[in-house]
>>> print(open('start-v4.txt').read())   # compact mmCIF, C-alpha atoms and all ligand atoms
# COMPACT_ATOMS: atom_id res chain seq x y z
CA MET A 382 2.15 44.13 34.46
CA GLY A 383 0.30 42.14 37.10
CA LEU A 384 1.30 40.91 40.49
CA LEU A 385 4.53 39.05 41.19
CA VAL A 386 5.01 36.90 44.30
CA VAL A 387 8.00 35.02 45.67
CA GLY A 388 7.58 32.75 48.67
CA SER A 389 7.33 29.16 49.81
CA VAL A 390 5.39 26.37 48.14
CA ALA A 391 5.30 23.67 50.75
CA PHE A 392 4.06 20.51 52.32
CA ASP A 393 2.57 21.29 55.74
CA SER A 394 1.89 18.95 58.62
CA VAL A 395 -0.42 20.64 61.09
CA GLU A 396 -2.02 19.72 64.40
CA THR A 397 -4.88 21.75 65.87
CA PRO A 398 -7.30 20.76 68.67
CA PHE A 399 -9.73 19.85 65.88
CA GLY A 400 -7.63 17.50 63.78
CA THR A 401 -4.31 16.65 62.21
CA VAL A 402 -3.15 16.72 58.60
CA GLU A 403 0.13 15.50 57.12
CA ASP A 404 2.03 16.73 54.05
CA VAL A 405 -0.85 18.79 52.72
CA LEU A 406 -0.41 21.63 50.23
CA GLY A 407 0.79 24.81 51.97
CA GLY A 408 3.40 27.53 51.76
CA SER A 409 3.29 31.31 51.96
CA ALA A 410 3.27 31.81 48.17
CA THR A 411 0.61 29.13 47.69
CA TYR A 412 -1.87 30.69 50.12
CA PHE A 413 -1.06 34.19 48.88
CA SER A 414 -1.45 33.35 45.18
CA THR A 415 -4.65 31.40 45.64
CA SER A 416 -6.24 34.26 47.58
CA ALA A 417 -4.96 36.98 45.21
CA SER A 418 -6.13 35.01 42.16
CA TYR A 419 -9.72 36.08 42.93
CA PHE A 420 -8.71 39.68 42.16
CA THR A 421 -5.86 39.77 39.65
CA ASP A 422 -3.34 37.84 37.54
CA VAL A 423 -0.63 36.32 39.67
CA ASN A 424 2.92 35.40 38.59
CA LEU A 425 4.54 33.00 41.05
CA VAL A 426 8.25 32.49 41.77
CA ALA A 427 9.21 29.48 43.90
CA VAL A 428 10.83 26.07 43.78
CA VAL A 429 9.47 22.58 44.44
CA GLY A 430 11.16 19.19 44.58
CA GLU A 431 10.62 16.05 42.56
CA ASP A 432 8.13 14.85 45.19
CA PHE A 433 5.65 17.64 44.37
CA PRO A 434 2.59 16.04 42.75
CA GLU A 435 1.02 17.07 39.49
CA LYS A 436 -2.39 17.48 41.17
CA HIS A 437 -1.11 20.52 43.11
CA ILE A 438 0.34 22.04 39.93
CA ASN A 439 -3.01 21.49 38.24
CA PHE A 440 -4.83 23.17 41.10
CA LEU A 441 -2.63 26.29 40.84
CA LYS A 442 -3.15 26.32 37.07
CA MET A 443 -6.89 25.95 37.61
CA ARG A 444 -6.72 29.20 39.63
CA ARG A 445 -5.01 30.77 36.57
CA ILE A 446 -1.78 31.38 38.51
CA ASN A 447 1.17 31.80 36.14
CA LEU A 448 3.75 29.11 36.97
CA ASP A 449 6.50 30.06 34.48
CA GLY A 450 8.60 31.05 37.52
CA LEU A 451 7.96 27.83 39.46
CA GLU A 452 11.11 25.75 39.22
CA ARG A 453 11.12 22.00 39.77
CA THR A 454 14.42 20.54 40.86
CA GLY A 455 15.92 17.36 42.35
CA GLY A 456 15.39 16.99 46.10
CA ARG A 457 12.55 17.41 48.53
CA THR A 458 9.96 20.19 48.63
CA PHE A 459 10.04 22.69 51.56
CA ARG A 460 8.30 21.23 54.61
CA TRP A 461 6.81 22.92 57.66
CA GLN A 462 5.38 21.24 60.72
CA GLY A 463 3.35 23.23 63.22
CA LYS A 464 0.96 22.92 66.11
CA TYR A 465 -1.78 25.10 67.61
CA GLY A 466 -3.37 24.89 71.05
CA TYR A 467 -6.85 26.20 71.88
CA ASP A 468 -5.40 29.69 71.49
CA LEU A 469 -5.27 29.53 67.71
CA ASN A 470 -3.52 32.87 67.40
CA GLU A 471 0.03 31.59 67.65
CA ALA A 472 1.56 28.66 65.75
CA GLN A 473 4.26 26.64 67.41
CA THR A 474 6.77 25.63 64.75
CA LEU A 475 7.89 22.06 65.36
CA LYS A 476 10.09 21.68 62.27
CA THR A 477 11.18 23.72 59.24
CA GLU A 478 12.92 21.88 56.39
CA LEU A 479 14.13 24.33 53.73
CA ASN A 480 15.14 21.49 51.37
CA VAL A 481 15.11 22.76 47.75
CA PHE A 482 14.91 26.38 48.97
CA GLU A 483 18.37 26.09 50.50
CA HIS A 484 20.16 26.59 47.18
CA PHE A 485 17.41 28.24 45.17
CA SER A 486 18.59 31.03 42.92
CA PRO A 487 15.57 32.35 41.03
CA LYS A 488 15.84 33.65 37.49
CA LEU A 489 12.79 35.73 36.71
CA PRO A 490 11.16 35.01 33.35
CA GLU A 491 11.41 38.13 31.17
CA HIS A 492 7.67 38.80 31.27
CA TYR A 493 7.68 38.80 35.11
CA ARG A 494 10.20 41.66 35.32
CA ASP A 495 7.86 44.55 34.70
CA ALA A 496 5.40 43.61 37.47
CA GLU A 497 3.80 46.75 38.90
CA VAL A 498 3.05 45.16 42.26
CA VAL A 499 5.46 42.79 44.02
CA PHE A 500 4.75 40.70 47.09
CA LEU A 501 7.72 39.24 48.97
CA ALA A 502 5.95 36.47 50.87
CA ASN A 503 7.52 34.85 53.88
CA ILE A 504 10.83 33.33 52.75
CA ASP A 505 14.57 33.92 53.18
CA PRO A 506 15.10 37.71 53.01
CA ASP A 507 18.15 37.16 50.74
CA LEU A 508 15.82 35.51 48.27
CA GLN A 509 13.26 38.31 48.63
CA ARG A 510 15.94 40.86 47.62
CA ASP A 511 17.28 38.62 44.87
CA VAL A 512 13.84 38.64 43.22
CA LEU A 513 13.30 42.34 43.81
CA THR A 514 16.57 43.33 42.11
CA GLN A 515 15.42 41.49 38.96
CA THR A 516 12.23 43.58 38.69
CA LYS A 517 12.29 46.77 36.63
CA ASN A 518 10.37 49.43 38.48
CA PRO A 519 7.47 48.18 40.62
CA LYS A 520 5.00 50.80 41.86
CA ILE A 521 4.42 48.99 45.15
CA VAL A 522 6.47 46.42 47.07
CA ALA A 523 4.77 44.62 49.95
CA ALA A 524 6.31 41.97 52.18
CA ASP A 525 5.76 39.50 54.99
CA THR A 526 8.20 37.67 57.24
CA MET A 527 8.22 35.57 60.42
CA ASN A 528 10.13 34.84 63.63
CA PHE A 529 12.24 32.16 61.87
CA TRP A 530 13.87 34.84 59.66
CA ILE A 531 13.94 37.55 62.35
CA GLU A 532 16.00 35.14 64.45
CA SER A 533 18.22 33.64 61.75
CA LYS A 534 18.67 36.48 59.21
CA ARG A 535 17.95 39.72 60.99
CA ASP A 536 20.47 41.95 59.16
CA SER A 537 19.38 40.67 55.77
CA LEU A 538 15.75 41.26 56.70
CA ILE A 539 16.46 44.86 57.77
CA GLU A 540 18.20 45.35 54.39
CA THR A 541 15.14 44.00 52.55
CA LEU A 542 12.84 46.31 54.52
CA LYS A 543 14.65 49.36 53.10
CA HIS A 544 13.00 48.50 49.75
CA VAL A 545 9.53 47.67 51.08
CA ASP A 546 6.52 50.04 50.98
CA ILE A 547 4.05 47.88 52.90
CA LEU A 548 4.97 45.33 55.58
CA LEU A 549 2.54 42.75 56.94
CA ILE A 550 3.68 41.12 60.16
CA ASN A 551 2.05 39.65 63.25
CA ASP A 552 2.10 41.33 66.66
CA SER A 553 4.69 39.10 68.33
CA GLU A 554 6.97 39.44 65.29
CA ALA A 555 6.64 43.25 65.38
CA ARG A 556 7.69 43.20 69.04
CA GLN A 557 10.55 40.78 68.32
CA LEU A 558 11.81 42.76 65.33
CA THR A 559 11.93 46.07 67.22
CA ASP A 560 12.58 44.91 70.78
CA GLU A 561 9.67 47.13 71.72
CA PRO A 562 6.69 45.74 73.71
CA ASN A 563 4.32 48.62 72.85
CA LEU A 564 2.82 48.01 69.42
CA VAL A 565 2.32 51.67 68.51
CA LYS A 566 5.97 52.40 69.27
CA ALA A 567 7.01 49.19 67.49
CA ALA A 568 5.04 50.31 64.43
CA ARG A 569 6.76 53.69 64.36
CA LYS A 570 10.14 52.00 64.62
CA ILE A 571 9.29 49.69 61.70
CA ASN A 572 8.15 52.73 59.66
CA SER A 573 11.66 54.11 60.20
CA TYR A 574 13.20 50.90 58.73
CA GLY A 575 11.53 51.64 55.37
CA PRO A 576 7.87 50.53 55.08
CA LYS A 577 5.57 53.58 55.04
CA THR A 578 2.58 51.35 55.71
CA LEU A 579 2.53 48.60 58.28
CA LEU A 580 -0.18 46.05 58.96
CA ILE A 581 0.08 44.28 62.29
CA LYS A 582 -1.95 41.05 62.29
CA GLN A 583 -3.43 39.97 65.61
CA GLY A 584 -5.21 36.75 64.70
CA GLU A 585 -8.79 36.66 65.97
CA TYR A 586 -8.44 40.28 67.13
CA GLY A 587 -8.00 41.57 63.59
CA VAL A 588 -5.43 43.78 61.92
CA THR A 589 -4.18 47.27 62.72
CA MET A 590 -2.85 49.33 59.81
CA PHE A 591 -0.40 52.14 60.57
CA ASN A 592 0.21 54.86 58.00
CA SER A 593 2.22 58.00 58.57
CA HIS A 594 -1.01 59.95 59.10
CA SER A 595 -3.62 57.44 60.22
CA ILE A 596 -4.39 54.21 62.04
CA PHE A 597 -7.15 51.85 60.84
CA ILE A 598 -8.43 48.76 62.62
CA ALA A 599 -10.02 45.92 60.64
CA PRO A 600 -11.75 43.34 62.83
CA ALA A 601 -11.54 39.61 62.23
CA TYR A 602 -14.84 38.04 61.17
CA PRO A 603 -16.49 36.41 64.20
CA LEU A 604 -16.63 32.75 63.17
CA GLU A 605 -18.14 29.91 65.19
CA ASN A 606 -15.93 27.30 63.58
CA VAL A 607 -12.22 27.90 63.19
CA PHE A 608 -10.38 24.71 62.29
CA ASP A 609 -6.92 25.68 61.12
CA PRO A 610 -5.37 29.17 61.13
CA THR A 611 -2.41 28.05 58.96
CA GLY A 612 -2.03 30.44 56.06
CA ALA A 613 -4.38 33.05 57.50
CA GLY A 614 -1.67 35.71 57.26
CA ASP A 615 -0.78 34.83 53.68
CA THR A 616 -4.41 34.61 52.65
CA PHE A 617 -4.99 38.03 54.24
CA ALA A 618 -2.03 39.36 52.27
CA GLY A 619 -3.43 37.82 49.06
CA GLY A 620 -6.76 39.59 49.52
CA PHE A 621 -5.10 42.86 50.53
CA VAL A 622 -2.40 43.05 47.85
CA GLY A 623 -4.58 41.36 45.19
CA TYR A 624 -7.27 43.98 45.70
CA LEU A 625 -4.71 46.81 45.47
CA ALA A 626 -3.21 45.31 42.29
CA ASN A 627 -6.69 45.13 40.80
CA THR A 628 -7.55 48.78 41.48
CA MET A 629 -3.99 50.26 41.41
CA ASP A 630 -5.34 52.83 43.87
CA PHE A 631 -3.06 53.23 46.88
CA SER A 632 -4.95 56.03 48.63
CA ASP A 633 -5.79 55.77 52.31
CA ILE A 634 -9.41 54.89 51.46
CA ALA A 635 -8.32 52.12 49.07
CA LEU A 636 -5.86 50.72 51.63
CA ARG A 637 -8.71 50.48 54.16
CA ARG A 638 -10.95 48.62 51.70
CA ALA A 639 -8.06 46.32 50.85
CA ALA A 640 -7.52 45.56 54.57
CA ILE A 641 -11.16 44.49 54.82
CA MET A 642 -10.80 42.34 51.69
CA GLY A 643 -7.76 40.70 53.30
CA SER A 644 -9.83 39.97 56.40
CA VAL A 645 -12.62 38.52 54.25
CA MET A 646 -10.25 36.09 52.52
CA ALA A 647 -8.51 35.10 55.79
CA SER A 648 -11.89 34.42 57.40
CA PHE A 649 -12.71 31.87 54.70
CA ASN A 650 -9.31 30.21 54.93
CA VAL A 651 -9.44 29.36 58.65
CA GLU A 652 -12.73 27.50 58.24
CA ASP A 653 -10.97 24.37 56.93
CA PHE A 654 -7.52 22.72 56.77
CA SER A 655 -4.95 23.53 54.09
CA LEU A 656 -6.45 25.53 51.18
CA ASN A 657 -9.66 23.50 51.13
CA LYS A 658 -12.03 26.39 51.76
CA ILE A 659 -10.43 28.89 49.36
CA ARG A 660 -9.87 26.52 46.43
CA ASP A 661 -13.02 27.50 44.64
CA LEU A 662 -15.01 30.30 46.26
CA ASP A 663 -17.88 31.97 44.49
CA TYR A 664 -17.11 35.70 44.10
CA LYS A 665 -20.62 36.43 45.41
CA GLU A 666 -19.64 34.84 48.75
CA ILE A 667 -16.64 37.16 48.90
CA GLU A 668 -18.76 40.24 48.19
CA SER A 669 -21.40 39.26 50.67
CA ARG A 670 -18.87 38.79 53.48
CA PHE A 671 -17.25 42.12 52.54
CA ARG A 672 -20.64 43.77 53.16
CA GLU A 673 -21.01 41.91 56.47
CA PHE A 674 -17.72 43.50 57.53
CA LYS A 675 -19.14 46.94 56.85
CA LYS A 676 -22.06 46.22 59.18
CA LEU A 677 -19.74 44.79 61.83
CA SER A 678 -18.02 48.04 62.68
CA HIS A 679 -20.45 50.68 61.46
CA PHE A 680 -21.91 52.98 64.10
CA GLU A 681 -23.85 56.24 64.09
CA ASP A 682 -22.42 59.35 65.65
CA ILE A 683 -24.87 61.20 67.94
P1 LIG A 701 0.85 31.86 58.05
O1 LIG A 701 0.00 30.93 58.87
O2 LIG A 701 0.05 32.73 57.15
O3 LIG A 701 1.85 32.63 58.85
O4 LIG A 701 1.74 30.95 57.07
C1 LIG A 701 1.80 29.57 57.13
C2 LIG A 701 2.57 29.05 55.93
O5 LIG A 701 3.91 29.53 55.97
C3 LIG A 701 2.64 27.54 55.93
O6 LIG A 701 1.90 27.03 54.86
C4 LIG A 701 4.12 27.21 55.82
O7 LIG A 701 4.41 26.28 54.80
C5 LIG A 701 4.80 28.52 55.55
N1 LIG A 701 6.03 28.70 56.32
C6 LIG A 701 6.25 28.34 57.62
N2 LIG A 701 7.52 28.67 57.99
C7 LIG A 701 8.10 29.24 56.91
C8 LIG A 701 9.41 29.81 56.66
N3 LIG A 701 10.37 29.82 57.61
N4 LIG A 701 9.64 30.33 55.43
C9 LIG A 701 8.68 30.32 54.49
N5 LIG A 701 7.45 29.80 54.64
C10 LIG A 701 7.15 29.27 55.85
>>> encode(input="start-v4.txt", output="structure tokens")
Amino acid sequence: MGLLVVGSVAFDSVETPFGTVEDVLGGSATYFSTSASYFTDVNLVAVVGEDFPEKHINFLKMRRINLDGLERTGGRTFRWQGKYGYDLNEAQTLKTELNVFEHFSPKLPEHYRDAEVVFLANIDPDLQRDVLTQTKNPKIVAADTMNFWIESKRDSLIETLKHVDILLINDSEARQLTDEPNLVKAARKINSYGPKTLLIKQGEYGVTMFNSHSIFIAPAYPLENVFDPTGAGDTFAGGFVGYLANTMDFSDIALRRAAIMGSVMASFNVEDFSLNKIRDLDYKEIESRFREFKKLSHFEDI
């Protein structure tokens, strides 16, 4: 039961035009789990090093995220260093240190294996498949990836995609993965790799969801203050997949609602550095922004 996620738990060092932070809590699985924890029970699979402080573990526990699959081992925690210019849509990776992830071989706790919904957050595609093969029979498998893995492990990534129902990816990664500049054509090509549903994230321009029979566009919430887009994609995924895991409804209508919930969660996340804004949201704030989204793109036909 529940939602299973594998991905990075990290220390991030980030520079934006509005400030700099060093070795703050980050990682694809961290952002995802925190966001999804507002909707469902989350079981996390990842590894951290001996330098990972207890306060971060306590925070994840405070969000009721199951950490039975979080291994602690000798060595340093995964580190990512990135930079954004005034165009906050694209991160420039300055450094990626895999550290303890380099030799991580996850063993899923028995009670994780019958997860109905699995999210393969951004991490080595070999590791994504390793986790997936240990699950029994998930109803839905969703995944994310990034240019780092498209460049370094393309064949493995294509293999993983054969087992994925829903892929979340940003626009430049969709183009890079398919060698196709047109996003509609790129989406169709990715559909042919395996995922029946594809969500292409376009930062402040929102998200386009491609299904075999429909296209849906979810806007991004127009914010006056965006401080740090790090984790926006993972937080979107947490809202989207968390909402689906809560309802277990995968109809077109439910997928559209879930895409809006993803946008709601991502909009909170970018308002502050690290996970500061999404640590402890009031569910009423989430609902109220969800309703704002409805107003944003509603119009009357003549
Ligand atoms: P996002 O901004 O949603 O694309 O994700 C940012 C998060 O991804 C950061 O917190 C990083 O720690 C993490 N990250 C960056 N590069 C990688 C990578 N190659 N593998 C796994 N996680 C990564």
>>> residues_near_ligand(input="start-v4.txt", ligand="ligand LIG 701 (chain A)", cutoff="6 Å", atoms="only C-alpha atoms and all ligand atoms", output="VMD selection string")
chain A and resid 389 391 393 407 to 409 461 503 to 504 529 611 to 615
>>> closest_residue(input="start-v4.txt", among="A:Trp530, A:Phe631, A:Phe485, A:Phe459", to="A:Gly430", atoms="only C-alpha atoms")
A:Phe459
>>> residues_around(input="start-v4.txt", residues="stretch 543-559 of chain A", least_positions_apart="6", cutoff="7 Å", atoms="all atoms listed in the file", output="mmCIF file with C-alpha atoms, in the frame of the given file")
data_model
loop_
_atom_site.group_PDB
_atom_site.id
_atom_site.type_symbol
_atom_site.label_atom_id
_atom_site.label_comp_id
_atom_site.auth_asym_id
_atom_site.auth_seq_id
_atom_site.Cartn_x
_atom_site.Cartn_y
_atom_site.Cartn_z
ATOM 1 C CA ILE A 521 4.420 48.990 45.150
ATOM 2 C CA VAL A 522 6.470 46.420 47.070
ATOM 3 C CA ALA A 523 4.770 44.620 49.950
ATOM 4 C CA ALA A 524 6.310 41.970 52.180
ATOM 5 C CA ASP A 525 5.760 39.500 54.990
ATOM 6 C CA THR A 526 8.200 37.670 57.240
ATOM 7 C CA MET A 527 8.220 35.570 60.420
ATOM 8 C CA ASN A 528 10.130 34.840 63.630
ATOM 9 C CA ILE A 531 13.940 37.550 62.350
ATOM 10 C CA ALA A 567 7.010 49.190 67.490
ATOM 11 C CA LYS A 570 10.140 52.000 64.620
ATOM 12 C CA TYR A 574 13.200 50.900 58.730
ATOM 13 C CA GLY A 575 11.530 51.640 55.370
ATOM 14 C CA PRO A 576 7.870 50.530 55.080
ATOM 15 C CA LYS A 577 5.570 53.580 55.040
ATOM 16 C CA THR A 578 2.580 51.350 55.710
ATOM 17 C CA LEU A 579 2.530 48.600 58.280
ATOM 18 C CA LEU A 580 -0.180 46.050 58.960
ATOM 19 C CA ILE A 581 0.080 44.280 62.290
ATOM 20 C CA LYS A 582 -1.950 41.050 62.290
ATOM 21 C CA GLN A 583 -3.430 39.970 65.610
#
>>> closest_residue(input="start-v4.txt", among="A:Met443, A:Val622, A:Ile438, A:Val405", to="A:Thr421", atoms="only C-alpha atoms")
A:Val622
>>> residues_around(input="start-v4.txt", residues="A:Ile598", least_positions_apart="4", cutoff="9 Å", atoms="all atoms listed in the file", output="PDB file with C-alpha atoms, keeping the file's coordinate frame")
ATOM      1  CA  GLY A 587      -8.000  41.570  63.590  1.00  0.00           C
ATOM      2  CA  VAL A 588      -5.430  43.780  61.920  1.00  0.00           C
ATOM      3  CA  THR A 589      -4.180  47.270  62.720  1.00  0.00           C
ATOM      4  CA  MET A 590      -2.850  49.330  59.810  1.00  0.00           C
ATOM      5  CA  PHE A 591      -0.400  52.140  60.570  1.00  0.00           C
ATOM      6  CA  ARG A 637      -8.710  50.480  54.160  1.00  0.00           C
ATOM      7  CA  ALA A 640      -7.520  45.560  54.570  1.00  0.00           C
TER       8      ALA A 640
END
>>> closest_residue(input="start-v4.txt", among="A:Thr415, A:Leu662, A:Ala599, A:Glu396", to="A:Gly466", atoms="all atoms listed in the file")
A:Glu396
>>> closest_residue(input="start-v4.txt", among="A:Arg444, A:His437, A:Arg638, A:Arg453", to="A:Ala417", atoms="all atoms listed in the file")
A:Arg444
>>> atom_distance(input="start-v4.txt", atom1="atom CA of A:Asp422", atom2="atom CA of A:Val651")
23.6 Å
>>> atom_distance(input="start-v4.txt", atom1="atom CA of A:Asn424", atom2="atom CA of A:Leu406")
18.3 Å
>>> closest_residue(input="start-v4.txt", among="A:Tyr412, A:Lys676, A:Asn518, A:Asp505", to="A:Ser533", atoms="only C-alpha atoms")
A:Asp505
>>> residues_around(input="start-v4.txt", residues="A:Tyr467", least_positions_apart="6", cutoff="10 Å", atoms="all atoms listed in the file", output="list in words")
Thr397, Pro398 and Phe399 of chain A
>>> write_last_selection(input="start-v4.txt", atoms="C-alpha atoms", output="PDB file, in the coordinates of the input")
ATOM      1  CA  THR A 397      -4.880  21.750  65.870  1.00  0.00           C
ATOM      2  CA  PRO A 398      -7.300  20.760  68.670  1.00  0.00           C
ATOM      3  CA  PHE A 399      -9.730  19.850  65.880  1.00  0.00           C
TER       4      PHE A 399
END
>>> closest_residue(input="start-v4.txt", among="A:Asp653, A:Asp609, A:Glu532, A:Glu497", to="A:Ala472", atoms="all atoms listed in the file")
A:Asp609
>>> atom_distance(input="start-v4.txt", atom1="atom CA of A:Asn563", atom2="atom CA of A:Arg535")
20.1 Å
>>> residues_around(input="start-v4.txt", residues="stretch 432-436 of chain A", least_positions_apart="4", cutoff="7 Å", atoms="only C-alpha atoms", output="compact mmCIF listing (two decimals) with C-alpha atoms, in the coordinates of the input")
# COMPACT_ATOMS: atom_id res chain seq x y z
CA PHE A 440 -4.83 23.17 41.10
CA ARG A 457 12.55 17.41 48.53
CA THR A 458 9.96 20.19 48.63
>>> residues_near_point(input="start-v4.txt", point="(18.1, 20.1, 38.7)", cutoff="12 Å", atoms="all atoms listed in the file", output="ChimeraX atom specification")
/A:428-431,452-457,481,484-486
>>> residues_near_point(input="start-v4.txt", point="(-4.4, 37.7, 48.2)", cutoff="7 Å", atoms="all atoms listed in the file", output="list in words")
Phe413, Ser414, Thr415, Ser416, Ala417, Ser418, Thr616, Phe617, Ala618, Gly619, Gly620, Phe621, Val622, Gly623 and Gly643 of chain A
>>> build_atoms(input="start-v4.txt", residues="stretch 539-555 of chain A", atoms="N, CA, C and O atoms", output="PDB file, in the coordinates of the input")
ATOM      1  N   ILE A 539      16.473  43.391  57.636  1.00  0.00           N
ATOM      2  CA  ILE A 539      16.460  44.860  57.770  1.00  0.00           C
ATOM      3  C   ILE A 539      16.849  45.492  56.423  1.00  0.00           C
ATOM      4  O   ILE A 539      16.293  46.501  56.006  1.00  0.00           O
ATOM      5  N   GLU A 540      17.782  44.860  55.710  1.00  0.00           N
ATOM      6  CA  GLU A 540      18.200  45.350  54.390  1.00  0.00           C
ATOM      7  C   GLU A 540      17.018  45.274  53.409  1.00  0.00           C
ATOM      8  O   GLU A 540      16.748  46.222  52.662  1.00  0.00           O
ATOM      9  N   THR A 541      16.302  44.145  53.434  1.00  0.00           N
ATOM     10  CA  THR A 541      15.140  44.000  52.550  1.00  0.00           C
ATOM     11  C   THR A 541      14.104  45.087  52.854  1.00  0.00           C
ATOM     12  O   THR A 541      13.522  45.681  51.934  1.00  0.00           O
ATOM     13  N   LEU A 542      13.889  45.356  54.143  1.00  0.00           N
ATOM     14  CA  LEU A 542      12.840  46.310  54.520  1.00  0.00           C
ATOM     15  C   LEU A 542      13.067  47.717  53.969  1.00  0.00           C
ATOM     16  O   LEU A 542      12.124  48.480  53.780  1.00  0.00           O
ATOM     17  N   LYS A 543      14.341  48.040  53.673  1.00  0.00           N
ATOM     18  CA  LYS A 543      14.650  49.360  53.100  1.00  0.00           C
ATOM     19  C   LYS A 543      13.937  49.553  51.761  1.00  0.00           C
ATOM     20  O   LYS A 543      13.722  50.669  51.314  1.00  0.00           O
ATOM     21  N   HIS A 544      13.600  48.424  51.094  1.00  0.00           N
ATOM     22  CA  HIS A 544      13.000  48.500  49.750  1.00  0.00           C
ATOM     23  C   HIS A 544      11.508  48.189  49.762  1.00  0.00           C
ATOM     24  O   HIS A 544      10.914  48.000  48.719  1.00  0.00           O
ATOM     25  N   VAL A 545      10.929  48.092  50.962  1.00  0.00           N
ATOM     26  CA  VAL A 545       9.530  47.670  51.080  1.00  0.00           C
ATOM     27  C   VAL A 545       8.628  48.860  51.421  1.00  0.00           C
ATOM     28  O   VAL A 545       8.944  49.645  52.306  1.00  0.00           O
ATOM     29  N   ASP A 546       7.492  48.972  50.701  1.00  0.00           N
ATOM     30  CA  ASP A 546       6.520  50.040  50.980  1.00  0.00           C
ATOM     31  C   ASP A 546       5.519  49.632  52.049  1.00  0.00           C
ATOM     32  O   ASP A 546       5.080  50.441  52.856  1.00  0.00           O
ATOM     33  N   ILE A 547       5.096  48.352  51.977  1.00  0.00           N
ATOM     34  CA  ILE A 547       4.050  47.880  52.900  1.00  0.00           C
ATOM     35  C   ILE A 547       4.515  46.579  53.543  1.00  0.00           C
ATOM     36  O   ILE A 547       4.813  45.608  52.849  1.00  0.00           O
ATOM     37  N   LEU A 548       4.583  46.565  54.881  1.00  0.00           N
ATOM     38  CA  LEU A 548       4.970  45.330  55.580  1.00  0.00           C
ATOM     39  C   LEU A 548       3.775  44.759  56.329  1.00  0.00           C
ATOM     40  O   LEU A 548       3.040  45.491  56.998  1.00  0.00           O
ATOM     41  N   LEU A 549       3.579  43.445  56.182  1.00  0.00           N
ATOM     42  CA  LEU A 549       2.540  42.750  56.940  1.00  0.00           C
ATOM     43  C   LEU A 549       3.261  41.798  57.895  1.00  0.00           C
ATOM     44  O   LEU A 549       4.121  41.024  57.470  1.00  0.00           O
ATOM     45  N   ILE A 550       2.917  41.867  59.166  1.00  0.00           N
ATOM     46  CA  ILE A 550       3.680  41.120  60.160  1.00  0.00           C
ATOM     47  C   ILE A 550       2.750  40.856  61.335  1.00  0.00           C
ATOM     48  O   ILE A 550       1.795  41.621  61.524  1.00  0.00           O
ATOM     49  N   ASN A 551       2.962  39.795  62.116  1.00  0.00           N
ATOM     50  CA  ASN A 551       2.050  39.650  63.250  1.00  0.00           C
ATOM     51  C   ASN A 551       2.581  40.362  64.492  1.00  0.00           C
ATOM     52  O   ASN A 551       3.717  40.821  64.512  1.00  0.00           O
ATOM     53  N   ASP A 552       1.745  40.473  65.513  1.00  0.00           N
ATOM     54  CA  ASP A 552       2.100  41.330  66.660  1.00  0.00           C
ATOM     55  C   ASP A 552       3.367  40.865  67.373  1.00  0.00           C
ATOM     56  O   ASP A 552       4.247  41.674  67.685  1.00  0.00           O
ATOM     57  N   SER A 553       3.503  39.541  67.591  1.00  0.00           N
ATOM     58  CA  SER A 553       4.690  39.100  68.330  1.00  0.00           C
ATOM     59  C   SER A 553       5.952  39.317  67.487  1.00  0.00           C
ATOM     60  O   SER A 553       7.021  39.632  68.015  1.00  0.00           O
ATOM     61  N   GLU A 554       5.805  39.203  66.156  1.00  0.00           N
ATOM     62  CA  GLU A 554       6.970  39.440  65.290  1.00  0.00           C
ATOM     63  C   GLU A 554       7.349  40.920  65.273  1.00  0.00           C
ATOM     64  O   GLU A 554       8.536  41.257  65.223  1.00  0.00           O
ATOM     65  N   ALA A 555       6.346  41.806  65.342  1.00  0.00           N
ATOM     66  CA  ALA A 555       6.640  43.250  65.380  1.00  0.00           C
ATOM     67  C   ALA A 555       7.410  43.587  66.661  1.00  0.00           C
ATOM     68  O   ALA A 555       8.385  44.354  66.636  1.00  0.00           O
TER      69      ALA A 555
END
